[in-house]
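Chemist: Pasting structure.csv below, which is CSV, C-alpha atoms.
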chain,number,residue,atom,x,y,z
T,19,MET,CA,-16.0,-16.4,25.3
T,20,LEU,CA,-13.7,-18.6,27.3
T,21,ASP,CA,-14.1,-18.8,31.0
T,22,VAL,CA,-11.8,-16.7,33.2
T,23,SER,CA,-9.4,-19.5,34.2
T,24,THR,CA,-8.9,-20.5,30.5
T,25,ARG,CA,-8.4,-17.0,29.5
T,26,ALA,CA,-5.8,-16.6,32.3
T,27,ALA,CA,-4.0,-19.7,31.1
T,28,VAL,CA,-3.9,-18.5,27.5
T,29,LEU,CA,-2.6,-15.1,28.6
T,30,SER,CA,0.0,-16.8,30.8
T,31,THR,CA,1.2,-19.0,27.9
T,32,LEU,CA,1.5,-15.9,25.7
T,33,ASP,CA,3.4,-14.1,28.4
T,34,GLY,CA,5.8,-17.0,28.7
T,35,LEU,CA,6.4,-17.1,25.0
T,36,ARG,CA,7.0,-13.3,25.1
T,37,ARG,CA,9.5,-13.6,27.8
T,38,GLY,CA,11.2,-16.7,26.5
T,39,GLY,CA,11.4,-15.4,22.9
T,40,GLU,CA,12.3,-11.9,23.8
T,41,MET,CA,9.5,-10.6,21.7
T,42,GLY,CA,6.5,-8.3,21.9
T,43,ILE,CA,3.0,-9.5,21.2
T,44,LEU,CA,0.4,-7.3,19.7
T,45,LEU,CA,-3.1,-8.7,20.1
T,46,ILE,CA,-5.7,-7.7,17.6
T,47,THR,CA,-9.2,-9.1,17.7
T,48,HIS,CA,-11.1,-10.0,14.6
T,49,ASP,CA,-13.5,-7.1,15.3
T,50,PRO,CA,-12.7,-3.8,13.7
T,51,PHE,CA,-9.8,-2.2,15.5
T,52,ASP,CA,-11.5,0.8,17.1
T,53,GLY,CA,-9.6,0.7,20.3
T,54,TRP,CA,-6.3,-0.3,21.8
T,55,ALA,CA,-4.7,-1.3,25.0
T,56,VAL,CA,-1.0,-1.4,25.9
T,57,CYS,CA,0.4,-3.4,28.7
T,58,ARG,CA,4.1,-3.1,29.3
T,59,PRO,CA,6.5,-3.4,32.2
T,60,HIS,CA,7.7,-0.2,33.7
T,61,ARG,CA,11.5,0.3,33.4
T,62,ARG,CA,13.9,1.5,35.9
T,63,ARG,CA,16.1,4.3,35.0
T,64,GLY,CA,19.4,3.2,33.4
T,65,PRO,CA,19.9,0.3,31.0
T,66,GLY,CA,20.0,-3.3,32.0
T,67,THR,CA,19.2,-2.9,35.6
T,68,ASP,CA,16.2,-5.1,35.8
T,69,ARG,CA,16.0,-8.4,34.0
T,70,ARG,CA,12.4,-8.9,35.0
T,71,ALA,CA,11.5,-5.9,32.9
T,72,GLY,CA,12.2,-8.1,29.9
T,73,ILE,CA,13.4,-6.8,26.7
T,74,SER,CA,12.7,-3.2,27.5
T,75,ALA,CA,15.5,-3.2,30.1
T,76,ARG,CA,18.0,-4.6,27.7
T,77,ARG,CA,17.5,-2.6,24.7
T,78,PRO,CA,19.3,0.7,24.2
T,79,ALA,CA,17.8,3.8,25.6
T,80,PRO,CA,15.3,5.5,23.2
T,81,PRO,CA,16.6,8.5,21.2
T,82,ARG,CA,16.1,11.9,22.7
T,83,ALA,CA,13.4,12.7,20.2
T,84,SER,CA,11.2,9.8,21.2
T,85,LEU,CA,9.3,11.4,24.1
T,86,HIS,CA,11.7,10.1,26.6
T,87,GLU,CA,9.9,11.6,29.5
T,88,GLY,CA,6.9,9.6,28.7
T,89,ALA,CA,8.8,6.3,29.1
T,90,ALA,CA,8.7,4.3,32.3
T,91,VAL,CA,9.8,6.2,35.4
T,92,ARG,CA,8.2,4.1,38.1
T,93,ARG,CA,10.6,2.0,40.2
T,94,PRO,CA,9.7,-1.6,41.2
T,95,THR,CA,7.5,-1.8,44.2
T,96,ALA,CA,9.4,-2.0,47.4
T,97,ARG,CA,7.3,-5.0,48.7
T,98,SER,CA,7.6,-7.4,45.8
T,99,GLY,CA,10.7,-6.1,44.1
T,100,ARG,CA,9.0,-6.6,40.8
T,101,PRO,CA,8.5,-4.0,38.2
T,102,THR,CA,4.9,-2.8,38.0
T,103,ARG,CA,3.1,-2.7,34.8
T,104,ALA,CA,1.4,0.1,32.9
T,105,PHE,CA,-2.0,-0.6,31.5
T,106,LEU,CA,-3.5,2.0,29.2
T,107,ARG,CA,-6.4,1.8,26.9
T,108,GLY,CA,-8.2,4.1,24.6
T,109,GLU,CA,-9.8,4.6,21.3
T,110,THR,CA,-8.9,6.3,18.1
T,111,SER,CA,-11.0,8.2,15.5
T,112,ASP,CA,-9.2,6.5,12.6
T,113,PRO,CA,-8.4,2.9,13.4
T,114,MET,CA,-6.8,2.2,10.0
T,115,ASN,CA,-4.3,5.0,10.6
T,116,VAL,CA,-1.3,3.7,12.5
T,117,ALA,CA,-0.2,7.2,13.1
T,118,ALA,CA,-3.5,8.1,14.7
T,119,VAL,CA,-3.3,5.0,16.9
T,120,ALA,CA,0.2,6.0,17.9
T,121,ALA,CA,-0.8,9.5,18.7
T,122,SER,CA,-3.7,8.4,20.9
T,123,ILE,CA,-1.5,6.0,22.8
T,124,LEU,CA,1.2,8.6,23.3
T,125,ALA,CA,-1.4,11.1,24.4
T,126,ALA,CA,-2.9,8.7,26.9
T,127,GLU,CA,0.5,7.8,28.2
T,128,ARG,CA,1.2,11.5,28.8
T,129,ALA,CA,-2.2,12.0,30.5
T,130,ALA,CA,-1.6,9.1,32.8
T,131,GLU,CA,1.9,10.3,33.7
T,132,LEU,CA,0.5,13.8,34.3
T,133,ARG,CA,-2.2,12.4,36.6
T,134,ARG,CA,0.4,10.6,38.6
T,135,GLY,CA,2.3,13.8,38.9
T,136,ARG,CA,5.4,12.2,37.3
T,137,LEU,CA,5.4,14.5,34.4
T,138,ARG,CA,5.4,18.2,34.1
T,139,ALA,CA,2.8,19.8,31.9
T,140,PRO,CA,3.9,19.5,28.3
T,141,SER,CA,6.0,22.4,27.1
T,142,THR,CA,6.3,23.4,23.4
T,143,ARG,CA,9.6,21.6,23.3
T,144,THR,CA,8.2,18.3,24.6
T,145,ARG,CA,5.2,18.5,22.3
T,146,ARG,CA,7.6,18.9,19.4
T,147,ARG,CA,9.5,15.8,20.6
T,148,ALA,CA,6.2,13.9,20.8
T,149,SER,CA,5.3,14.8,17.3
T,150,ILE,CA,8.7,13.5,16.1
T,151,ALA,CA,7.9,10.2,17.8
T,152,LEU,CA,4.8,9.6,15.8
T,153,PRO,CA,5.1,7.0,13.1
T,154,ALA,CA,5.0,9.3,10.1
T,155,SER,CA,8.1,7.8,8.6
T,156,PRO,CA,9.6,4.3,8.9
T,157,SER,CA,12.3,5.5,11.3
T,158,ASP,CA,9.7,7.2,13.5
T,159,GLN,CA,7.6,4.1,13.3
T,160,ASP,CA,10.5,2.1,14.7
T,161,GLN,CA,10.9,4.6,17.4
T,162,PHE,CA,7.2,4.4,18.3
T,163,ILE,CA,7.3,0.7,18.5
T,164,ASP,CA,10.4,0.8,20.6
T,165,HIS,CA,8.9,3.4,22.9
T,166,VAL,CA,5.6,1.7,23.4
T,167,GLY,CA,7.3,-1.5,24.4
T,168,LEU,CA,5.8,-3.8,21.8
T,169,VAL,CA,9.4,-4.7,20.8
T,170,PRO,CA,10.6,-6.3,18.8
T,171,VAL,CA,7.5,-6.4,16.7
T,172,ARG,CA,8.5,-4.2,13.8
T,173,THR,CA,6.2,-1.6,12.4
T,174,ALA,CA,6.0,-3.4,9.1
T,175,ARG,CA,4.6,-6.4,10.9
T,176,VAL,CA,2.2,-4.2,12.8
T,177,CYS,CA,1.0,-2.8,9.5
T,178,THR,CA,0.6,-6.3,8.2
T,179,LEU,CA,-1.5,-7.2,11.2
T,180,LEU,CA,-3.7,-4.2,10.8
T,181,ARG,CA,-4.2,-5.1,7.1
T,182,MET,CA,-5.2,-8.6,8.2
T,183,GLN,CA,-8.2,-7.4,10.2
T,184,ARG,CA,-11.3,-9.4,9.8
T,185,GLU,CA,-14.8,-8.1,9.3
T,186,ARG,CA,-17.6,-9.7,11.2
T,187,LEU,CA,-20.4,-10.9,9.0
T,188,THR,CA,-23.7,-12.4,10.1
T,189,VAL,CA,-25.2,-14.9,7.7
T,190,SER,CA,-28.3,-17.1,8.0
T,191,MET,CA,-28.6,-20.6,6.6
T,192,GLU,CA,-30.5,-23.8,7.0
T,193,PRO,CA,-29.7,-25.8,10.1
T,194,GLN,CA,-28.2,-28.7,8.1
T,195,THR,CA,-26.0,-26.2,6.2
T,196,ALA,CA,-24.9,-24.5,9.4
T,197,ALA,CA,-24.1,-27.9,11.0
T,198,ARG,CA,-22.0,-28.8,8.0
T,199,VAL,CA,-20.1,-25.4,8.3
T,200,ARG,CA,-19.5,-26.1,11.9
T,201,GLU,CA,-18.3,-29.7,11.3
T,202,CYS,CA,-16.0,-28.6,8.5
T,203,GLY,CA,-14.8,-25.7,10.6
T,204,THR,CA,-13.6,-28.1,13.3
T,205,ARG,CA,-11.3,-29.7,10.7
T,206,THR,CA,-10.1,-26.4,9.3
T,207,ARG,CA,-7.3,-24.4,10.8
T,208,GLY,CA,-9.0,-21.1,11.7
T,209,GLY,CA,-12.4,-22.7,12.2
T,210,ALA,CA,-15.7,-22.0,10.5
T,211,SER,CA,-14.6,-18.5,9.4
T,212,ALA,CA,-11.5,-19.9,7.6
T,213,TYR,CA,-13.5,-22.7,6.1
T,214,LEU,CA,-16.1,-20.3,4.6
T,215,GLU,CA,-13.4,-17.9,3.5
T,216,HIS,CA,-11.6,-20.7,1.7
T,217,LEU,CA,-14.8,-21.6,-0.1
T,218,VAL,CA,-15.5,-18.1,-1.2
T,219,ARG,CA,-11.9,-17.6,-2.5
T,220,GLN,CA,-12.2,-20.9,-4.4
T,221,ASP,CA,-15.4,-19.7,-5.9
T,222,ALA,CA,-13.9,-16.3,-6.9
T,223,LEU,CA,-10.9,-18.1,-8.4
T,224,ARG,CA,-13.1,-20.4,-10.4
T,225,GLU,CA,-15.0,-17.4,-11.7
T,226,ALA,CA,-11.7,-15.7,-12.7
T,227,ALA,CA,-10.4,-18.8,-14.4
T,228,THR,CA,-13.6,-19.0,-16.4
T,229,SER,CA,-13.2,-15.4,-17.4
T,230,ALA,CA,-9.5,-16.0,-18.3
T,231,ALA,CA,-10.6,-19.0,-20.4
T,232,SER,CA,-12.9,-16.8,-22.4
T,233,TRP,CA,-10.1,-14.4,-23.0
T,234,TYR,CA,-7.9,-17.2,-24.3
T,235,ALA,CA,-10.8,-18.3,-26.6
T,236,ALA,CA,-10.9,-14.8,-28.0
T,237,HIS,CA,-7.1,-14.8,-28.5
T,238,PRO,CA,-6.6,-18.4,-29.7
T,239,THR,CA,-2.9,-18.1,-30.6
T,240,TYR,CA,-1.7,-16.1,-27.6
T,241,ALA,CA,-0.5,-18.9,-25.4
T,242,ALA,CA,1.2,-20.8,-28.2
T,243,ASP,CA,2.8,-17.6,-29.6
T,244,SER,CA,3.9,-16.6,-26.1
T,245,GLU,CA,5.6,-20.0,-25.5
T,246,ALA,CA,7.3,-19.9,-28.9
T,247,GLU,CA,8.6,-16.4,-28.3
T,248,THR,CA,9.9,-17.4,-24.8
T,249,LEU,CA,11.7,-20.4,-26.3
T,250,ALA,CA,13.2,-18.3,-29.1
T,251,ALA,CA,14.4,-15.7,-26.6
T,252,LEU,CA,15.9,-18.2,-24.2
T,253,ASP,CA,17.6,-20.0,-27.1
T,254,GLU,CA,19.6,-16.8,-27.7
T,255,ILE,CA,21.2,-17.0,-24.2
T,256,ALA,CA,21.6,-20.7,-24.1
S,18,MET,CA,15.4,-2.7,-13.0
S,19,ARG,CA,13.0,-3.1,-10.0
S,20,ARG,CA,9.9,-5.1,-9.1
S,21,GLY,CA,6.9,-3.2,-10.4
S,22,ASP,CA,8.7,-1.6,-13.3
S,23,LEU,CA,7.1,-1.7,-16.7
S,24,TYR,CA,9.3,-2.4,-19.7
S,25,ARG,CA,8.9,-2.7,-23.5
S,26,TYR,CA,9.9,-6.2,-24.6
S,27,GLU,CA,11.5,-6.5,-28.0
S,28,PRO,CA,10.4,-9.8,-29.4
S,29,VAL,CA,12.6,-12.2,-31.4
S,30,MET,CA,9.7,-12.5,-33.9
S,31,VAL,CA,6.9,-10.0,-34.0
S,32,ARG,CA,3.5,-11.7,-33.8
S,33,ALA,CA,0.2,-10.0,-34.2
S,34,GLY,CA,-1.7,-9.7,-30.9
S,35,GLN,CA,1.2,-10.4,-28.7
S,36,SER,CA,1.8,-8.0,-25.9
S,37,THR,CA,5.2,-6.3,-25.8
S,38,THR,CA,4.8,-4.7,-22.4
S,39,ARG,CA,6.1,-6.5,-19.3
S,40,LEU,CA,5.6,-5.9,-15.6
S,41,ILE,CA,8.6,-7.1,-13.6
S,42,VAL,CA,7.5,-9.4,-10.8
S,43,SER,CA,10.6,-11.1,-9.7
S,44,ALA,CA,12.3,-10.1,-6.4
S,45,ASP,CA,14.6,-7.1,-6.4
S,46,ALA,CA,17.5,-9.3,-5.3
S,47,VAL,CA,17.1,-11.2,-8.5
S,48,ASN,CA,16.5,-8.1,-10.6
S,49,ALA,CA,19.6,-6.4,-9.2
S,50,ASN,CA,21.9,-9.2,-10.1
S,51,ASN,CA,22.9,-8.6,-13.7
S,52,ASP,CA,24.7,-11.9,-13.9
S,53,LEU,CA,21.3,-13.6,-14.0
S,54,PRO,CA,20.3,-13.5,-17.6
S,55,THR,CA,16.5,-13.4,-17.1
S,56,VAL,CA,13.9,-12.0,-14.8
S,57,TYR,CA,10.3,-12.9,-14.3
S,58,ALA,CA,7.7,-10.7,-15.8
S,59,MET,CA,3.9,-10.6,-16.4
S,60,HIS,CA,2.5,-9.8,-19.8
S,61,VAL,CA,0.5,-6.6,-19.8
S,62,VAL,CA,-2.3,-7.2,-22.3
S,63,ASP,CA,-4.6,-4.7,-23.9
S,64,SER,CA,-7.9,-6.3,-23.0
S,65,ASP,CA,-9.2,-7.4,-19.6
S,66,PRO,CA,-8.8,-11.2,-19.1
S,67,GLY,CA,-10.7,-11.4,-15.9
S,68,SER,CA,-11.1,-9.6,-12.6
S,69,LEU,CA,-9.1,-11.5,-10.1
S,70,LEU,CA,-6.2,-12.7,-12.2
S,71,ALA,CA,-5.6,-9.5,-14.1
S,72,VAL,CA,-4.7,-6.1,-12.7
S,73,ARG,CA,-5.2,-2.8,-14.5
S,74,VAL,CA,-1.9,-1.1,-14.5
S,75,GLY,CA,-2.3,2.6,-15.3
S,76,GLY,CA,-3.0,3.2,-18.9
S,77,PHE,CA,-0.7,0.3,-20.0
S,78,GLY,CA,-3.3,-2.4,-19.9
S,79,TRP,CA,-3.9,-5.4,-17.6
S,80,ALA,CA,-1.1,-7.4,-16.0
S,81,PHE,CA,-2.2,-11.0,-16.5
S,82,ALA,CA,-1.1,-13.5,-13.8
S,83,LEU,CA,-1.5,-16.5,-16.1
S,84,GLU,CA,1.1,-15.1,-18.6
S,85,ILE,CA,4.3,-14.9,-16.6
S,86,ASP,CA,7.5,-15.6,-18.5
S,87,ARG,CA,11.2,-15.0,-18.0
S,88,PRO,CA,12.4,-12.7,-20.7
S,89,PRO,CA,16.1,-12.1,-21.2
S,90,ARG,CA,17.2,-8.8,-19.7
S,91,ARG,CA,18.6,-7.5,-23.0
S,92,ARG,CA,15.2,-7.8,-24.6
S,93,LEU,CA,13.6,-5.5,-22.1
S,94,VAL,CA,14.7,-2.5,-24.0
S,95,GLU,CA,12.7,0.5,-22.7
S,96,HIS,CA,11.5,1.5,-19.3
S,97,LEU,CA,7.9,2.6,-19.7
S,98,GLY,CA,6.9,3.4,-16.1
S,99,ARG,CA,6.1,1.9,-12.8
S,100,ALA,CA,3.1,0.3,-11.2
S,101,THR,CA,1.7,2.0,-8.1
S,102,PRO,CA,2.0,0.3,-4.7
S,103,GLU,CA,-1.8,-0.4,-4.8
S,104,GLU,CA,-1.5,-2.0,-8.2
S,105,LEU,CA,1.5,-4.1,-7.0
S,106,GLU,CA,-0.5,-5.3,-4.1
S,107,GLN,CA,-3.3,-6.5,-6.4
S,108,VAL,CA,-0.6,-8.2,-8.5
S,109,ASP,CA,0.6,-10.0,-5.4
S,110,ASN,CA,-2.9,-11.1,-4.7
S,111,ALA,CA,-3.3,-12.4,-8.3
S,112,VAL,CA,0.0,-14.3,-8.1
S,113,ARG,CA,-1.0,-15.8,-4.7
S,114,ALA,CA,-4.4,-16.8,-6.2
S,115,VAL,CA,-2.8,-18.5,-9.2
S,116,PHE,CA,-0.3,-20.5,-7.2
S,117,GLU,CA,-2.5,-20.8,-4.1
S,118,VAL,CA,0.2,-19.6,-1.8
For this file, produce the structure as structure tokens.
Modeler:
Amino acid sequence: MLDVSTRAAVLSTLDGLRRGGEMGILLITHDPFDGWAVCRPHRRRGPGTDRRAGISARRPAPPRASLHEGAAVRRPTARSGRPTRAFLRGETSDPMNVAAVAASILAAERAAELRRGRLRAPSTRTRRRASIALPASPSDQDQFIDHVGLVPVRTARVCTLLRMQRERLTVSMEPQTAARVRECGTRTRGGASAYLEHLVRQDALREAATSAASWYAAHPTYAADSEAETLAALDEIA
Amino acid sequence: MRRGDLYRYEPVMVRAGQSTTRLIVSADAVNANNDLPTVYAMHVVDSDPGSLLAVRVGGFGWAFALEIDRPPRRRLVEHLGRATPEELEQVDNAVRAVFEV
């Protein structure tokens, strides 16, 4: 764990990149994704009124079906003139299910707004709107991403990130071996985990290559016949 | 013709033991352009060549990542079926493993 000042510096750098690049950042740890947190600037009513609110102030208003009343409604604080930020966190019963994560985020947002008294109790109509905003389809996923304020991280990218989760694995090895892993990890992008992963993949590939070689041994003319066929077919179109 | 489609390949010369089933692996932008005479395809063989480099594709056999060729379109004569998204993802992994990309 980094100390507090270093963590603040890292977060500040990320925030600068986010603002400068007009992008959203989704942080996922290498632990299983059993929880979530959303930090986003609140938006003023009306488009383009507050540049400090970043991309969310400049993009078009969300469609009516995307739980519009759950979007930002708080005005900038009078004292600082800056927009305040919403920070919500929660857990989901099905971390691999983007729709479930989306549902829990939206539910928490609604609960937070209700607690603040800025939102009326959900009616049947608004519940129906909320269900439309869930990422059950690609277009709804886009709406969800747009709504939550992780823009412009597209849902496809989010799904990719979710698929790239890492699993924590504890292994024991002799001190010399552990020292070697640490040493090689410092020279590898991604550290010791990436180094070990690379070794394991190489091992799996060697095993697969050996298996493939056995297959070619059992089919001794396959590669040559295949090449001859390819050349003959390409000759026809030459 | 789309990525993930399975086609029957009509060989110039029939050779015993040669697969005549192909899995299209080139990008759809390539596949959709009929002015390009060839596409890239994996051989689908009838016995398992190895776990990581070969992917079972339904009942058609194993798509073998070490046997990728570029058959002329006109020799892909019959559409046989389509690989599932899960199978295609495994095919992607096999291709990445072969070329280390």
Chemist: Let me make sure I understand: among T:Thr24, T:Thr195, T:Thr188, T:Leu223, which one has the smallest atom-to-atom distance to Arg113 in chain S if we use all atoms listed in the file?
Modeler: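 Result for the nearest residue to Arg113 in chain S: T:Leu223.
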Chemist: Set the cut-off to 12 Å and count all atoms listed in the file: what are the residues of chain T that reach chain S? Output as a PyMOL selection string.
Modeler: chain T and resi 181+216+219-256
Chemist: Grab the CA of Asp45 in chain S to CA of Arg19 in chain S distance for me, in Å with one decimal place.
Modeler: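 Computed distance, CA of Asp45 in chain S to CA of Arg19 in chain S, equals 5.6 Å.
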Chemist: Go through S:Ala80, S:Val94, S:Leu40, S:Leu105 one by one, measure the shortest atom-to-atom distance of each to Ala58 in chain S using only C-alpha atoms, and give the residue with the smallest value.
Modeler: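 Of the candidates, the smallest distance to Ala58 in chain S is held by S:Leu40.
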Chemist: Find the distance between CA of Glu95 in chain S and CA of Tyr26 in chain S and write it in Å to one decimal.
Modeler: 7.5 Å
Chemist: I'd like the interatomic distance between CA of Val118 in chain S and CA of Val218 in chain T, to a tenth of an Å.
Modeler: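 If I compute the distance from CA of Val118 in chain S to CA of Val218 in chain T, I get 15.8 Å.
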